[in-house]
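**Q** If you scroll down you'll find the structure; I have some questions about it.
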Amino acid sequence: MSAGTRLSLQLGLLALVLATLVWPRVERYFLADAAAQNGVTLQLVSDGLSAALDRYAPLPNLIAARPELAELLQAPGDARLSERVNDILLNTAISVTASDVYLMDMDGLTLAASSYRKERSFVGRNFSFRPYFTQAAAGGLGRYFALGTTSGERGYFFAAPVRDGSRILGVVAVKFTVEAFEEGWQAASSNIFVTDPAGIVFMASRPDWRLRASVPLTPRALSVIRDNQQYPADRLALLEIARRSADGVDFAEIDGTEYIASSSAALASAGWTVTALRRAAPARVQAGMVFAAIALLAVLALCIAAYLRHRAAQRVQVHRMLEQRVEQRTKALRHEIEERRRTEEKLRRTQAGLVQAGKLSALGQMSAALSHEFNQPLQAVKAYAENAQTFLERGETGEVRDNIGRISRMADRMAAISRHLRNFARRPGEAIGPVPLGLVIDDALAVSAPKLKGSDVTLDYIPVGGAPWVIGGHVRLQQVLVNLISNAVDAMDGRGRLTIAATRHEGGWRVTIRDTGSGLPPEAAEQMFDPFFTTKPMGQGLGLGLSISYNIVRDFGGTLWGEDHPEGGAIFGIDLVAAEAPDQIAGREAAE
């Protein structure tokens, strides 16, 4: 047998295998995939409709709670009240994007409506024949889909009773049109239609399917439609749908076109059935293209088998080259990661340096006040010492003892100030963990005391009760508070009232610092936490304090914010995560 004959037999055998085994599987796969995509579209449409109904359902009860509606129902002849209620309903319809909102008395007569200015207004029309009216008049939530008898627009109606205590005075109804949903469905690859309990297609992505019956209508169903004036009964032509199933895929044929039909999704609250249909032809075309590609590849595989054997050695070589490139890229990535780690470490050191610089800058700005704070006790110590020497010469030991006690207390005062300043100025090396909020605020006020005393600022602060603990670092949180207090004093030009408060907030703690200055400039609202942004005059600030403070608080898992206070001035707040005291944690762990 010649090579040409052998190749012909192999190609014939391949064609037989492809036609009997491969093509059915490929076609079934693409049809099933199209059905799955159609199902996703169906679910999205159903969820969207359900969400819209859930969103609109509470609106009638909310509107019915307006006292003006009950007043008009009790005084329907009041023209001024009627005009006001019309305006209320018009504004309500605009705000909730409703087609119409209207108020009816217990006879179904419309007393006021959002459409009162339109030529085809609902005012004066009677809708007692609508099921939504009778449902709401009986005290329930009315809901109904129909073609509007006045507007000629399809819409869904919600209705609720208007009450005066337990007495029902009338009904308020809200209508929403469905065109927006249908416009959204136009972009979908599936055709969507929605049927009511009677099988009427009242919503559809295709206009020629709308207001058609998906099933033959019984005389009783037609009678109900005519009595409720739900649809024009003479226009309800039959939309013939032939259904079948094959290989686990449901099909439907409409007007000679075959569709892949996903199982309909029912909206129980409205009694609707949603159906998604996707044309089967594109899936089969796609399957044919893939099958042709598979067949071509199979033929090519037979023709180039020898070439593939020749290329096997080359593939090994290429594989080795790829391994070398991967190894080189891996080394480059490791170098890049190490370089990034070093850069991040450098950034952390830079931030720590900026934090320290900010603290030293704050101490420098308070230098004059600190000098006064130390100089005053020193002068007093000198005076008490001279007095003690005089009393000692006179032999008045009691007075000497009193002056020495005063000198000791002055020394304690200077030691306390020095301790607070030393703790404030040191580089923070502490880990983040539980810290006592009240003690941190007290230490910050102690550091800021010289600046506050050197100004004409009144401090309004009530110590925190309950000994709360928060997540943070003692020194860094103290620095943030000192920076905010200093900024507040500067914002008031040294004259005004400074209010500090600590309160519970959303399970954590919030510390607020409010001044009575001129408030935040307009440009500061979005930039105040940016590095080097400052509103102070040249030479009085680097613009780093708030930026550093913001990052410190963020490291604690908290939030730093600032805004104008409604009563004037500015207010800055620190929202911190609440923590348990260390002794409580230790007690719980011991109990476990």
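Naming works like this for the structure tokens: A, B, ... for the chains as they're shown, residue 1 at the start of each chain, ligands 1 onward in shown order.
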So that I can see what lies close to Ala280 of chain A, please list as an mmCIF file with C-alpha atoms, in the first residue's frame the residues with an atom at most 7 Å from it, counting only C-alpha atoms and leaving out residues fewer than 2 positions away in the same chain.

**A**
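Writing the result to out-v4.cif gives the following:
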```
data_model
loop_
_atom_site.group_PDB
_atom_site.id
_atom_site.type_symbol
_atom_site.label_atom_id
_atom_site.label_comp_id
_atom_site.auth_asym_id
_atom_site.auth_seq_id
_atom_site.Cartn_x
_atom_site.Cartn_y
_atom_site.Cartn_z
ATOM 1 C CA GLU A 258 -35.292 28.608 17.451
ATOM 2 C CA TYR A 259 -34.163 29.806 20.892
ATOM 3 C CA ILE A 260 -32.357 28.292 23.828
ATOM 4 C CA ARG A 278 -31.200 33.092 23.473
ATOM 5 C CA PRO A 282 -25.101 31.680 16.901
ATOM 6 C CA ALA A 283 -24.179 28.827 19.263
ATOM 7 C CA ARG A 284 -24.387 26.314 16.424
#
```

**Q** I'd like the neighbourhood of Ile513 of chain A as a PyMOL selection string, where a residue qualifies if any of its atoms comes within 6 Å (using only C-alpha atoms), though same-chain residues fewer than 5 positions away should be ignored.

**A** chain A and resi 499-500+571-572

**Q** Just write the chosen residues, N, CA and C atoms, as a CSV table (one decimal), in the first residue's frame.

**A**
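Output file selection26.csv follows:
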```
chain,number,residue,atom,x,y,z
A,499,THR,N,-11.5,73.4,73.4
A,499,THR,CA,-12.4,72.3,74.0
A,499,THR,C,-11.9,71.0,73.6
A,500,ILE,N,-11.6,70.1,74.6
A,500,ILE,CA,-11.1,68.8,74.4
A,500,ILE,C,-12.1,67.8,75.0
A,571,ILE,N,-12.7,71.9,64.1
A,571,ILE,CA,-12.7,70.7,65.0
A,571,ILE,C,-11.9,69.6,64.4
A,572,PHE,N,-11.0,69.0,65.1
A,572,PHE,CA,-10.2,67.9,64.6
A,572,PHE,C,-10.5,66.7,65.5
```

**Q** Find the residues near Arg143 of chain A: any atom within 8 Å, counting only C-alpha atoms, skip ones fewer than 2 places away on the same chain, and give them as a short mmCIF file (atom, residue, chain, number, x, y, z; two decimals) with N, CA and C atoms, in the first residue's frame.

**A**
```cif
data_model
loop_
_atom_site.label_atom_id
_atom_site.label_comp_id
_atom_site.auth_asym_id
_atom_site.auth_seq_id
_atom_site.Cartn_x
_atom_site.Cartn_y
_atom_site.Cartn_z
N PRO A 131 -57.77 46.52 41.13
CA PRO A 131 -57.55 45.65 42.30
C PRO A 131 -56.64 46.29 43.35
N TYR A 132 -55.63 47.09 42.92
CA TYR A 132 -54.75 47.68 43.93
C TYR A 132 -55.53 48.62 44.85
N GLN A 135 -57.49 46.45 47.36
CA GLN A 135 -56.58 45.84 48.34
C GLN A 135 -56.15 46.86 49.39
N LEU A 141 -51.44 46.15 51.41
CA LEU A 141 -50.61 46.80 50.40
C LEU A 141 -51.10 46.35 49.03
N PHE A 145 -50.22 45.22 38.02
CA PHE A 145 -49.64 45.68 36.77
C PHE A 145 -50.75 45.84 35.75
N TYR A 156 -46.44 49.47 36.89
CA TYR A 156 -46.73 48.69 38.08
C TYR A 156 -47.19 49.64 39.17
N PHE A 157 -48.29 49.27 39.85
CA PHE A 157 -48.91 50.14 40.83
C PHE A 157 -48.71 49.55 42.23
N PHE A 158 -48.31 50.41 43.16
CA PHE A 158 -48.33 50.10 44.58
C PHE A 158 -49.33 51.05 45.24
N ALA A 159 -50.08 50.55 46.21
CA ALA A 159 -51.06 51.40 46.89
C ALA A 159 -51.08 51.06 48.37
N ALA A 270 -44.84 39.40 43.15
CA ALA A 270 -45.66 40.06 42.14
C ALA A 270 -46.46 39.07 41.31
#
```

**Q** Do you know which residues are at most 12 Å from Phe251 of chain A counting only C-alpha atoms, after dropping those on the same chain fewer than 4 positions away, and could you put them as number ranges by chain?

**A** A: 31-32, 34-35, 38, 241-247, 257-263, 276-281

**Q** Residues within 12 Å of Thr177 of chain A, please, as a list in words. Count only C-alpha atoms; anything in the same chain fewer than 5 positions from it doesn't count.

**A** Ala52, Leu53, Tyr56, Ala93, Thr97, Ala98, Ser99, Asp100, Val101, Phe145, Ala146, Leu147, Gly148, Ser151, Gly152, Glu153, Arg154, Gly155, Tyr156, Phe157, Phe158, Glu182, Glu183, Phe202 and Met203 of chain A

**Q** Which neighbours of Tyr461 of chain A fall inside 12 Å, counting only C-alpha atoms, when residues of the same chain fewer than 3 positions from it are skipped, and could you give them as an MDAnalysis selection string?

**A** chainID A and resid 438 441:442 445 458 464:465 497:502 511:514

**Q** Tell me, as a list in words, which residues lie within 12 Å of Arg206 of chain A, counting only C-alpha atoms; anything in the same chain fewer than 5 positions away does not count.

**A**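 My list of contacting residues is Glu179, Glu182, Glu183, Gly184, Trp185, Gln186, Ala187, Ala188, Ser190, Asn191, Ile192, Phe193, Val194, Val201, Leu211, Arg212, Ala276 and Leu277 of chain A.
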
**Q** Would you write out those residues with C-alpha atoms, as a CSV table (one decimal), in the first residue's frame?

**A**
```csv
chain,number,residue,atom,x,y,z
A,179,GLU,CA,-39.8,51.2,29.8
A,182,GLU,CA,-36.9,47.1,28.7
A,183,GLU,CA,-34.4,49.6,27.4
A,184,GLY,CA,-31.7,48.0,29.7
A,185,TRP,CA,-32.6,44.6,28.3
A,186,GLN,CA,-31.9,45.7,24.7
A,187,ALA,CA,-28.2,45.4,25.3
A,188,ALA,CA,-28.5,41.8,26.5
A,190,SER,CA,-30.9,37.2,25.3
A,191,ASN,CA,-34.5,38.1,24.6
A,192,ILE,CA,-36.4,38.8,27.8
A,193,PHE,CA,-40.1,38.7,28.5
A,194,VAL,CA,-42.2,38.8,31.6
A,201,VAL,CA,-46.5,39.2,28.1
A,211,LEU,CA,-49.2,42.6,25.2
A,212,ARG,CA,-49.5,39.1,23.6
A,276,ALA,CA,-34.9,34.4,28.9
A,277,LEU,CA,-34.5,33.2,25.3
```

**Q** In Å, how far is it from atom CA of Val577 of chain A to atom CA of Thr503 of chain A?

**A**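 So the two atoms, atom CA of Val577 of chain A and atom CA of Thr503 of chain A, lie 12.2 Å apart.
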
**Q** Mind pulling up the distance from atom CA of Ala266 of chain A to atom CA of Ala137 of chain A?

**A**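 Taking atom CA of Ala137 of chain A and atom CA of Ala266 of chain A, their separation equals 27.3 Å.
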
**Q** What is the distance, in Å and to one decimal place, between atom CA of Arg554 of chain A and atom CA of Asp493 of chain A?

**A** 29.3 Å

**Q** Between A:Glu563, A:Asp530, A:Glu506, A:Glu27, which is the closest to Ala292 of chain A once you count only C-alpha atoms?

**A** A:Glu27

**Q** Give the alpha helix (DSSP H) residues of segment 148-323 of chain A, as assigned by DSSP on the backbone, as a PyMOL selection string.

**A** chain A and resi 179-185+219-228+280-303+305-323

**Q** Find the residue from A:Ala570, A:Ile304, A:Leu297, A:Val553 that sits nearest to Leu520 of chain A; use only C-alpha atoms when measuring.

**A** A:Ala570
